[in-house]
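Peer 1: Just one file: upload_2.json, with JSON, N, CA and C atoms.
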```json
[["chain", "number", "residue", "atom", "x", "y", "z"],
["S", 1, "MET", "N", -23.16, 80.51, 13.37],
["S", 1, "MET", "CA", -21.89, 79.81, 13.39],
["S", 1, "MET", "C", -21.38, 79.67, 11.95],
["S", 2, "THR", "N", -20.13, 79.92, 11.76],
["S", 2, "THR", "CA", -19.55, 79.82, 10.43],
["S", 2, "THR", "C", -18.71, 78.56, 10.29],
["S", 3, "ARG", "N", -18.59, 78.08, 9.08],
["S", 3, "ARG", "CA", -17.77, 76.90, 8.82],
["S", 3, "ARG", "C", -16.46, 77.30, 8.15],
["S", 4, "SER", "N", -16.17, 78.59, 8.13],
["S", 4, "SER", "CA", -14.93, 79.08, 7.53],
["S", 4, "SER", "C", -13.74, 78.72, 8.40],
["S", 5, "PRO", "N", -12.57, 78.54, 7.77],
["S", 5, "PRO", "CA", -11.36, 78.36, 8.59],
["S", 5, "PRO", "C", -11.18, 79.58, 9.49],
["S", 6, "ALA", "N", -10.59, 79.37, 10.65],
["S", 6, "ALA", "CA", -10.44, 80.43, 11.64],
["S", 6, "ALA", "C", -9.79, 81.68, 11.07],
["S", 7, "CYS", "N", -8.81, 81.52, 10.16],
["S", 7, "CYS", "CA", -8.10, 82.69, 9.64],
["S", 7, "CYS", "C", -8.99, 83.58, 8.77],
["S", 8, "PHE", "N", -10.13, 83.09, 8.30],
["S", 8, "PHE", "CA", -11.03, 83.90, 7.47],
["S", 8, "PHE", "C", -12.20, 84.49, 8.25],
["S", 9, "ARG", "N", -12.34, 84.17, 9.51],
["S", 9, "ARG", "CA", -13.53, 84.56, 10.26],
["S", 9, "ARG", "C", -13.67, 86.05, 10.47],
["S", 10, "GLY", "N", -12.59, 86.82, 10.37],
["S", 10, "GLY", "CA", -12.69, 88.26, 10.49],
["S", 10, "GLY", "C", -12.93, 88.98, 9.17],
["S", 11, "TRP", "N", -12.96, 88.23, 8.07],
["S", 11, "TRP", "CA", -13.13, 88.82, 6.75],
["S", 11, "TRP", "C", -14.59, 89.19, 6.51],
["S", 12, "GLU", "N", -14.80, 90.22, 5.74],
["S", 12, "GLU", "CA", -16.16, 90.60, 5.33],
["S", 12, "GLU", "C", -16.62, 89.62, 4.25],
["S", 13, "ILE", "N", -17.84, 89.15, 4.39],
["S", 13, "ILE", "CA", -18.41, 88.25, 3.39],
["S", 13, "ILE", "C", -19.27, 89.07, 2.43],
["S", 14, "LEU", "N", -19.03, 88.89, 1.16],
["S", 14, "LEU", "CA", -19.87, 89.51, 0.13],
["S", 14, "LEU", "C", -20.66, 88.39, -0.53],
["S", 15, "TRP", "N", -21.95, 88.33, -0.21],
["S", 15, "TRP", "CA", -22.82, 87.33, -0.82],
["S", 15, "TRP", "C", -23.19, 87.81, -2.21],
["S", 16, "SER", "N", -23.08, 86.94, -3.17],
["S", 16, "SER", "CA", -23.38, 87.31, -4.55],
["S", 16, "SER", "C", -24.86, 87.62, -4.71],
["S", 17, "PRO", "N", -25.18, 88.71, -5.41],
["S", 17, "PRO", "CA", -26.58, 88.95, -5.74],
["S", 17, "PRO", "C", -27.04, 87.89, -6.74],
["S", 18, "PRO", "N", -28.34, 87.78, -6.97],
["S", 18, "PRO", "CA", -28.81, 86.82, -7.98],
["S", 18, "PRO", "C", -28.09, 87.07, -9.32],
["S", 19, "ILE", "N", -27.74, 85.99, -9.97],
["S", 19, "ILE", "CA", -27.00, 86.05, -11.23],
["S", 19, "ILE", "C", -27.97, 85.98, -12.40],
["S", 20, "ARG", "N", -27.73, 86.83, -13.39],
["S", 20, "ARG", "CA", -28.56, 86.82, -14.60],
["S", 20, "ARG", "C", -28.24, 85.59, -15.43],
["S", 21, "ASP", "N", -29.29, 84.94, -15.90],
["S", 21, "ASP", "CA", -29.12, 83.76, -16.76],
["S", 21, "ASP", "C", -28.98, 84.26, -18.20],
["S", 22, "ILE", "N", -27.77, 84.22, -18.71],
["S", 22, "ILE", "CA", -27.48, 84.67, -20.05],
["S", 22, "ILE", "C", -27.57, 83.47, -20.99],
["S", 23, "PRO", "N", -28.23, 83.62, -22.14],
["S", 23, "PRO", "CA", -28.34, 82.48, -23.06],
["S", 23, "PRO", "C", -26.97, 81.90, -23.42],
["S", 24, "SER", "N", -26.92, 80.60, -23.51],
["S", 24, "SER", "CA", -25.68, 79.89, -23.85],
["S", 24, "SER", "C", -25.60, 79.68, -25.36],
["S", 25, "ALA", "N", -24.40, 79.46, -25.84],
["S", 25, "ALA", "CA", -24.18, 79.21, -27.27],
["S", 25, "ALA", "C", -24.62, 77.81, -27.68],
["S", 26, "VAL", "N", -24.83, 76.94, -26.69],
["S", 26, "VAL", "CA", -25.26, 75.57, -26.98],
["S", 26, "VAL", "C", -26.53, 75.26, -26.20],
["S", 27, "LYS", "N", -27.24, 74.25, -26.66],
["S", 27, "LYS", "CA", -28.51, 73.89, -26.03],
["S", 27, "LYS", "C", -28.35, 73.39, -24.61],
["S", 28, "HIS", "N", -27.28, 72.62, -24.33],
["S", 28, "HIS", "CA", -27.06, 72.04, -23.01],
["S", 28, "HIS", "C", -25.67, 72.43, -22.51],
["S", 29, "PRO", "N", -25.56, 73.61, -21.87],
["S", 29, "PRO", "CA", -24.24, 74.04, -21.39],
["S", 29, "PRO", "C", -23.73, 73.15, -20.26],
["S", 30, "LEU", "N", -22.42, 73.19, -20.05],
["S", 30, "LEU", "CA", -21.78, 72.36, -19.02],
["S", 30, "LEU", "C", -21.88, 72.94, -17.62],
["S", 31, "SER", "N", -22.44, 74.14, -17.48],
["S", 31, "SER", "CA", -22.49, 74.76, -16.16],
["S", 31, "SER", "C", -23.77, 75.55, -15.99],
["S", 32, "ALA", "N", -24.07, 75.86, -14.73],
["S", 32, "ALA", "CA", -25.28, 76.60, -14.37],
["S", 32, "ALA", "C", -25.06, 78.10, -14.55],
["S", 33, "PRO", "N", -26.14, 78.88, -14.57],
["S", 33, "PRO", "CA", -26.00, 80.34, -14.67],
["S", 33, "PRO", "C", -25.12, 80.94, -13.56],
["S", 34, "TRP", "N", -25.03, 80.25, -12.39],
["S", 34, "TRP", "CA", -24.24, 80.77, -11.28],
["S", 34, "TRP", "C", -22.77, 80.92, -11.64],
["S", 35, "LEU", "N", -22.34, 80.36, -12.76],
["S", 35, "LEU", "CA", -20.97, 80.57, -13.21],
["S", 35, "LEU", "C", -20.70, 82.05, -13.42],
["S", 36, "GLY", "N", -21.75, 82.85, -13.63],
["S", 36, "GLY", "CA", -21.61, 84.29, -13.81],
["S", 36, "GLY", "C", -21.01, 85.01, -12.62],
["S", 37, "MET", "N", -20.99, 84.38, -11.44],
["S", 37, "MET", "CA", -20.38, 85.04, -10.28],
["S", 37, "MET", "C", -18.89, 84.74, -10.18],
["S", 38, "ASN", "N", -18.37, 83.88, -11.06],
["S", 38, "ASN", "CA", -16.95, 83.56, -11.08],
["S", 38, "ASN", "C", -16.20, 84.77, -11.61],
["S", 39, "LEU", "N", -15.27, 85.29, -10.82],
["S", 39, "LEU", "CA", -14.52, 86.48, -11.21],
["S", 39, "LEU", "C", -13.05, 86.26, -10.93],
["S", 40, "LEU", "N", -12.22, 87.16, -11.43],
["S", 40, "LEU", "CA", -10.78, 87.06, -11.22],
["S", 40, "LEU", "C", -10.29, 88.33, -10.56],
["S", 41, "MET", "N", -9.76, 88.20, -9.35],
["S", 41, "MET", "CA", -9.14, 89.33, -8.66],
["S", 41, "MET", "C", -7.71, 89.44, -9.16],
["S", 42, "VAL", "N", -7.38, 90.56, -9.83],
["S", 42, "VAL", "CA", -6.02, 90.74, -10.33],
["S", 42, "VAL", "C", -5.16, 91.50, -9.33],
["S", 43, "SER", "N", -5.81, 92.08, -8.34],
["S", 43, "SER", "CA", -5.14, 92.71, -7.20],
["S", 43, "SER", "C", -6.20, 92.82, -6.11],
["S", 44, "PRO", "N", -5.85, 93.23, -4.89],
["S", 44, "PRO", "CA", -6.87, 93.36, -3.85],
["S", 44, "PRO", "C", -7.95, 94.39, -4.17],
["S", 45, "GLU", "N", -7.69, 95.28, -5.13],
["S", 45, "GLU", "CA", -8.64, 96.34, -5.44],
["S", 45, "GLU", "C", -9.23, 96.25, -6.85],
["S", 46, "VAL", "N", -8.84, 95.27, -7.67],
["S", 46, "VAL", "CA", -9.27, 95.21, -9.06],
["S", 46, "VAL", "C", -9.77, 93.80, -9.40],
["S", 47, "ALA", "N", -10.96, 93.73, -10.02],
["S", 47, "ALA", "CA", -11.54, 92.44, -10.41],
["S", 47, "ALA", "C", -11.99, 92.47, -11.86],
["S", 48, "ILE", "N", -11.79, 91.36, -12.56],
["S", 48, "ILE", "CA", -12.37, 91.17, -13.89],
["S", 48, "ILE", "C", -13.66, 90.38, -13.67],
["S", 49, "VAL", "N", -14.77, 90.96, -14.15],
["S", 49, "VAL", "CA", -16.10, 90.44, -13.85],
["S", 49, "VAL", "C", -16.90, 90.31, -15.15],
["S", 50, "ASP", "N", -17.78, 89.34, -15.20],
["S", 50, "ASP", "CA", -18.67, 89.16, -16.35],
["S", 50, "ASP", "C", -19.48, 90.44, -16.58],
["S", 51, "ALA", "N", -19.35, 91.01, -17.76],
["S", 51, "ALA", "CA", -20.03, 92.27, -18.09],
["S", 51, "ALA", "C", -21.55, 92.12, -18.08],
["S", 52, "ASP", "N", -22.05, 90.89, -18.18],
["S", 52, "ASP", "CA", -23.50, 90.65, -18.18],
["S", 52, "ASP", "C", -24.07, 90.53, -16.77],
["S", 53, "GLN", "N", -23.28, 90.87, -15.73],
["S", 53, "GLN", "CA", -23.72, 90.75, -14.34],
["S", 53, "GLN", "C", -23.66, 92.11, -13.64],
["S", 54, "PRO", "N", -24.53, 93.07, -14.03],
["S", 54, "PRO", "CA", -24.46, 94.42, -13.45],
["S", 54, "PRO", "C", -24.70, 94.47, -11.95],
["S", 55, "GLU", "N", -25.50, 93.56, -11.41],
["S", 55, "GLU", "CA", -25.75, 93.57, -9.97],
["S", 55, "GLU", "C", -24.48, 93.18, -9.20],
["S", 56, "LEU", "N", -23.74, 92.21, -9.71],
["S", 56, "LEU", "CA", -22.48, 91.81, -9.09],
["S", 56, "LEU", "C", -21.46, 92.94, -9.21],
["S", 57, "ILE", "N", -21.40, 93.56, -10.36],
["S", 57, "ILE", "CA", -20.49, 94.69, -10.56],
["S", 57, "ILE", "C", -20.79, 95.79, -9.55],
["S", 58, "ALA", "N", -22.07, 96.12, -9.39],
["S", 58, "ALA", "CA", -22.47, 97.17, -8.45],
["S", 58, "ALA", "C", -22.10, 96.80, -7.01],
["S", 59, "ALA", "N", -22.29, 95.53, -6.64],
["S", 59, "ALA", "CA", -21.96, 95.09, -5.28],
["S", 59, "ALA", "C", -20.46, 95.23, -5.01],
["S", 60, "LEU", "N", -19.63, 94.92, -5.99],
["S", 60, "LEU", "CA", -18.19, 95.06, -5.82],
["S", 60, "LEU", "C", -17.78, 96.52, -5.78],
["S", 61, "GLU", "N", -18.34, 97.33, -6.67],
["S", 61, "GLU", "CA", -18.01, 98.75, -6.69],
["S", 61, "GLU", "C", -18.43, 99.44, -5.40],
["S", 62, "LYS", "N", -19.52, 98.98, -4.81],
["S", 62, "LYS", "CA", -19.97, 99.53, -3.52],
["S", 62, "LYS", "C", -18.92, 99.31, -2.43],
["S", 63, "ARG", "N", -18.10, 98.29, -2.60],
["S", 63, "ARG", "CA", -17.02, 98.00, -1.65],
["S", 63, "ARG", "C", -15.68, 98.52, -2.16],
["S", 64, "HIS", "N", -15.74, 99.49, -3.07],
["S", 64, "HIS", "CA", -14.57, 100.20, -3.59],
["S", 64, "HIS", "C", -13.60, 99.30, -4.34],
["S", 65, "ILE", "N", -14.14, 98.30, -5.01],
["S", 65, "ILE", "CA", -13.33, 97.45, -5.88],
["S", 65, "ILE", "C", -13.52, 97.94, -7.30],
["S", 66, "THR", "N", -12.43, 98.21, -7.98],
["S", 66, "THR", "CA", -12.49, 98.61, -9.39],
["S", 66, "THR", "C", -12.82, 97.38, -10.21],
["S", 67, "VAL", "N", -13.84, 97.50, -11.04],
["S", 67, "VAL", "CA", -14.30, 96.36, -11.84],
["S", 67, "VAL", "C", -13.95, 96.60, -13.30],
["S", 68, "LEU", "N", -13.36, 95.58, -13.91],
["S", 68, "LEU", "CA", -13.10, 95.59, -15.34],
["S", 68, "LEU", "C", -14.11, 94.62, -15.96],
["S", 69, "PRO", "N", -15.25, 95.14, -16.45],
["S", 69, "PRO", "CA", -16.25, 94.25, -17.05],
["S", 69, "PRO", "C", -15.73, 93.68, -18.37],
["S", 70, "HIS", "N", -15.94, 92.41, -18.56],
["S", 70, "HIS", "CA", -15.46, 91.76, -19.77],
["S", 70, "HIS", "C", -16.41, 90.62, -20.13],
["S", 71, "LYS", "N", -16.53, 90.34, -21.41],
["S", 71, "LYS", "CA", -17.36, 89.22, -21.83],
["S", 71, "LYS", "C", -16.49, 87.99, -22.06],
["S", 72, "LEU", "N", -16.92, 86.90, -21.52],
["S", 72, "LEU", "CA", -16.30, 85.59, -21.77],
["S", 72, "LEU", "C", -17.43, 84.77, -22.40],
["S", 73, "ARG", "N", -17.56, 84.92, -23.71],
["S", 73, "ARG", "CA", -18.75, 84.45, -24.42],
["S", 73, "ARG", "C", -19.08, 82.97, -24.23],
["S", 74, "HIS", "N", -18.10, 82.15, -24.09],
["S", 74, "HIS", "CA", -18.37, 80.71, -24.06],
["S", 74, "HIS", "C", -18.09, 80.08, -22.70],
["S", 75, "SER", "N", -18.22, 80.87, -21.64],
["S", 75, "SER", "CA", -17.90, 80.34, -20.31],
["S", 75, "SER", "C", -18.79, 79.16, -19.93],
["S", 76, "ARG", "N", -20.08, 79.25, -20.22],
["S", 76, "ARG", "CA", -20.97, 78.14, -19.85],
["S", 76, "ARG", "C", -20.76, 76.93, -20.74],
["S", 77, "VAL", "N", -20.30, 77.14, -21.95],
["S", 77, "VAL", "CA", -19.98, 76.02, -22.84],
["S", 77, "VAL", "C", -18.73, 75.31, -22.34],
["S", 78, "LEU", "N", -17.74, 76.10, -21.93],
["S", 78, "LEU", "CA", -16.47, 75.55, -21.46],
["S", 78, "LEU", "C", -16.54, 75.08, -20.01],
["S", 79, "GLY", "N", -17.54, 75.56, -19.27],
["S", 79, "GLY", "CA", -17.68, 75.17, -17.87],
["S", 79, "GLY", "C", -16.70, 75.89, -16.95],
["S", 80, "GLY", "N", -16.33, 77.12, -17.30],
["S", 80, "GLY", "CA", -15.41, 77.87, -16.46],
["S", 80, "GLY", "C", -15.50, 79.36, -16.69],
["S", 81, "GLY", "N", -15.41, 80.14, -15.61],
["S", 81, "GLY", "CA", -15.42, 81.59, -15.71],
["S", 81, "GLY", "C", -14.00, 82.14, -15.68],
["S", 82, "PHE", "N", -13.87, 83.44, -15.43],
["S", 82, "PHE", "CA", -12.58, 84.10, -15.49],
["S", 82, "PHE", "C", -11.53, 83.48, -14.58],
["S", 83, "HIS", "N", -11.93, 83.14, -13.36],
["S", 83, "HIS", "CA", -10.98, 82.54, -12.42],
["S", 83, "HIS", "C", -10.57, 81.15, -12.88],
["S", 84, "CYS", "N", -11.50, 80.41, -13.44],
["S", 84, "CYS", "CA", -11.24, 79.02, -13.83],
["S", 84, "CYS", "C", -10.38, 78.89, -15.08],
["S", 85, "VAL", "N", -10.47, 79.84, -15.99],
["S", 85, "VAL", "CA", -9.79, 79.69, -17.28],
["S", 85, "VAL", "C", -8.51, 80.51, -17.37],
["S", 86, "THR", "N", -7.99, 80.96, -16.24],
["S", 86, "THR", "CA", -6.74, 81.72, -16.23],
["S", 86, "THR", "C", -5.69, 80.97, -15.43],
["S", 87, "LEU", "N", -4.45, 81.31, -15.70],
["S", 87, "LEU", "CA", -3.35, 80.68, -15.01],
["S", 87, "LEU", "C", -2.20, 81.67, -14.92],
["S", 88, "ASP", "N", -1.65, 81.85, -13.73],
["S", 88, "ASP", "CA", -0.47, 82.70, -13.57],
["S", 88, "ASP", "C", 0.70, 82.06, -14.30],
["S", 89, "ILE", "N", 1.35, 82.84, -15.13],
["S", 89, "ILE", "CA", 2.59, 82.39, -15.75],
["S", 89, "ILE", "C", 3.75, 83.00, -14.98],
["S", 90, "VAL", "N", 3.62, 84.28, -14.66],
["S", 90, "VAL", "CA", 4.61, 84.99, -13.87],
["S", 90, "VAL", "C", 3.85, 85.82, -12.85],
["S", 91, "ARG", "N", 4.32, 85.79, -11.63],
["S", 91, "ARG", "CA", 3.68, 86.58, -10.58],
["S", 91, "ARG", "C", 4.76, 87.34, -9.84],
["S", 92, "ASP", "N", 4.50, 88.63, -9.61],
["S", 92, "ASP", "CA", 5.43, 89.46, -8.83],
["S", 92, "ASP", "C", 5.28, 89.12, -7.36],
["S", 93, "GLY", "N", 6.38, 89.21, -6.62],
["S", 93, "GLY", "CA", 6.33, 88.99, -5.18],
["S", 93, "GLY", "C", 6.54, 87.53, -4.83],
["S", 94, "GLY", "N", 6.51, 87.27, -3.55],
["S", 94, "GLY", "CA", 6.75, 85.93, -3.06],
["S", 94, "GLY", "C", 5.47, 85.20, -2.73],
["S", 95, "LEU", "N", 5.62, 83.95, -2.35],
["S", 95, "LEU", "CA", 4.49, 83.13, -1.95],
["S", 95, "LEU", "C", 3.90, 83.68, -0.66],
["S", 96, "GLU", "N", 2.57, 83.83, -0.62],
["S", 96, "GLU", "CA", 1.89, 84.34, 0.56],
["S", 96, "GLU", "C", 0.83, 83.35, 1.01],
["S", 97, "SER", "N", 0.54, 83.37, 2.29],
["S", 97, "SER", "CA", -0.52, 82.53, 2.85],
["S", 97, "SER", "C", -1.52, 83.43, 3.56],
["S", 98, "TYR", "N", -2.79, 83.26, 3.26],
["S", 98, "TYR", "CA", -3.83, 84.02, 3.93],
["S", 98, "TYR", "C", -4.01, 83.57, 5.39],
["S", 99, "CYS", "N", -3.58, 82.35, 5.67],
["S", 99, "CYS", "CA", -3.80, 81.77, 6.99],
["S", 99, "CYS", "C", -2.54, 81.72, 7.84],
["S", 100, "GLY", "N", -1.43, 82.18, 7.33],
["S", 100, "GLY", "CA", -0.21, 82.20, 8.13],
["S", 100, "GLY", "C", 0.49, 80.86, 8.26],
["S", 101, "TYR", "N", 0.13, 79.91, 7.45],
["S", 101, "TYR", "CA", 0.84, 78.62, 7.48],
["S", 101, "TYR", "C", 1.15, 78.17, 6.08]]
```
What does the file become when written as structure tokens?
Peer 2:
Amino acid sequence: MTRSPACFRGWEILWSPPIRDIPSAVKHPLSAPWLGMNLLMVSPEVAIVDADQPELIAALEKRHITVLPHKLRHSRVLGGGFHCVTLDIVRDGGLESYCGY
């Protein structure tokens, strides 16, 4: 049984592979190593992904997603990955809803 909203129940789930624990720039970072699975989808086929996570990159590429590996050196210090530290300023197209409401 899934706890996903009904509109997502037909979607394929990609479970993240184990995330590599990359050393932090500080002794006590604000986030766990799992922040490495935080990625930014720039289109349905393209993702910006932590370059230090080759297993995650391979899992996405296996599903025909083009991966742009990039380093975000201080993500664990800042407590945010690519998705968390970005903001749309301008977006092409109109407002869309994945759930139809």
Peer 1: Give me the residues within 9 Å of Asp50 (chain S) as an NGL selection string, counting only C-alpha atoms and dropping any in the same chain fewer than 6 places off.
Peer 2: :S and (36-39 or 56-57 or 68-72 or 81-82)
Peer 1: Between CA of Pro17 (chain S) and CA of Ser4 (chain S), what is the distance in Å, rounded to a tenth?
Peer 2: 20.2 Å
Peer 1: Using Å and a single decimal, report how far atom N of Ala25 (chain S) sits from atom C of Leu40 (chain S).
Peer 2: 22.6 Å
Peer 1: Nearest to His64 (chain S) among S:Val46, S:Cys84, S:Leu14, S:Leu95, with distances taken over only N, CA and C atoms: which residue is it?
Peer 2: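 Distance minimum relative to His64 (chain S) lands on S:Val46.
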Peer 1: Set the distance at 8 Å and use all atoms listed in the file: which residues neighbour Cys7 (chain S) once local chain neighbours fewer than 5 positions away are removed? I'd like the list as a PyMOL selection string.
Peer 2: chain S and resi 98-100
Peer 1: Quick one: everything within 9 Å of Val67 (chain S), counting only C-alpha atoms, minus sequence neighbours fewer than 2 positions away in the same chain. Send it as a compact mmCIF listing (two decimals) with N, CA and C atoms, in the coordinates of the input.
Peer 2:
```txt
# COMPACT_ATOMS: atom_id res chain seq x y z
N GLU S 45 -7.69 95.28 -5.13
CA GLU S 45 -8.64 96.34 -5.44
C GLU S 45 -9.23 96.25 -6.85
N VAL S 46 -8.84 95.27 -7.67
CA VAL S 46 -9.27 95.21 -9.06
C VAL S 46 -9.77 93.80 -9.40
N ALA S 47 -10.96 93.73 -10.02
CA ALA S 47 -11.54 92.44 -10.41
C ALA S 47 -11.99 92.47 -11.86
N ILE S 48 -11.79 91.36 -12.56
CA ILE S 48 -12.37 91.17 -13.89
C ILE S 48 -13.66 90.38 -13.67
N VAL S 49 -14.77 90.96 -14.15
CA VAL S 49 -16.10 90.44 -13.85
C VAL S 49 -16.90 90.31 -15.15
N ILE S 57 -21.40 93.56 -10.36
CA ILE S 57 -20.49 94.69 -10.56
C ILE S 57 -20.79 95.79 -9.55
N ALA S 58 -22.07 96.12 -9.39
CA ALA S 58 -22.47 97.17 -8.45
C ALA S 58 -22.10 96.80 -7.01
N LEU S 60 -19.63 94.92 -5.99
CA LEU S 60 -18.19 95.06 -5.82
C LEU S 60 -17.78 96.52 -5.78
N GLU S 61 -18.34 97.33 -6.67
CA GLU S 61 -18.01 98.75 -6.69
C GLU S 61 -18.43 99.44 -5.40
N ILE S 65 -14.14 98.30 -5.01
CA ILE S 65 -13.33 97.45 -5.88
C ILE S 65 -13.52 97.94 -7.30
N PRO S 69 -15.25 95.14 -16.45
CA PRO S 69 -16.25 94.25 -17.05
C PRO S 69 -15.73 93.68 -18.37
```
Peer 1: Quick one: residues within 9 Å of (-23.4, 81.7, -10.7) (file frame), counting only C-alpha atoms, please, as an MDAnalysis selection string.
Peer 2: chainID S and resid 16 18:21 31:38
Peer 1: Using only C-alpha atoms, which residue out of S:Glu12, S:Ala59, S:Arg73, S:Pro54 lies closest to Val26 (chain S)?
Peer 2: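 Of all the options, S:Arg73 lies closest to Val26 (chain S).
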Peer 1: Quick one: distance from CA of Pro29 (chain S) to CA of Thr86 (chain S) in Å, one decimal?
Peer 2: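 CA of Pro29 (chain S) sits 19.8 Å away from CA of Thr86 (chain S).
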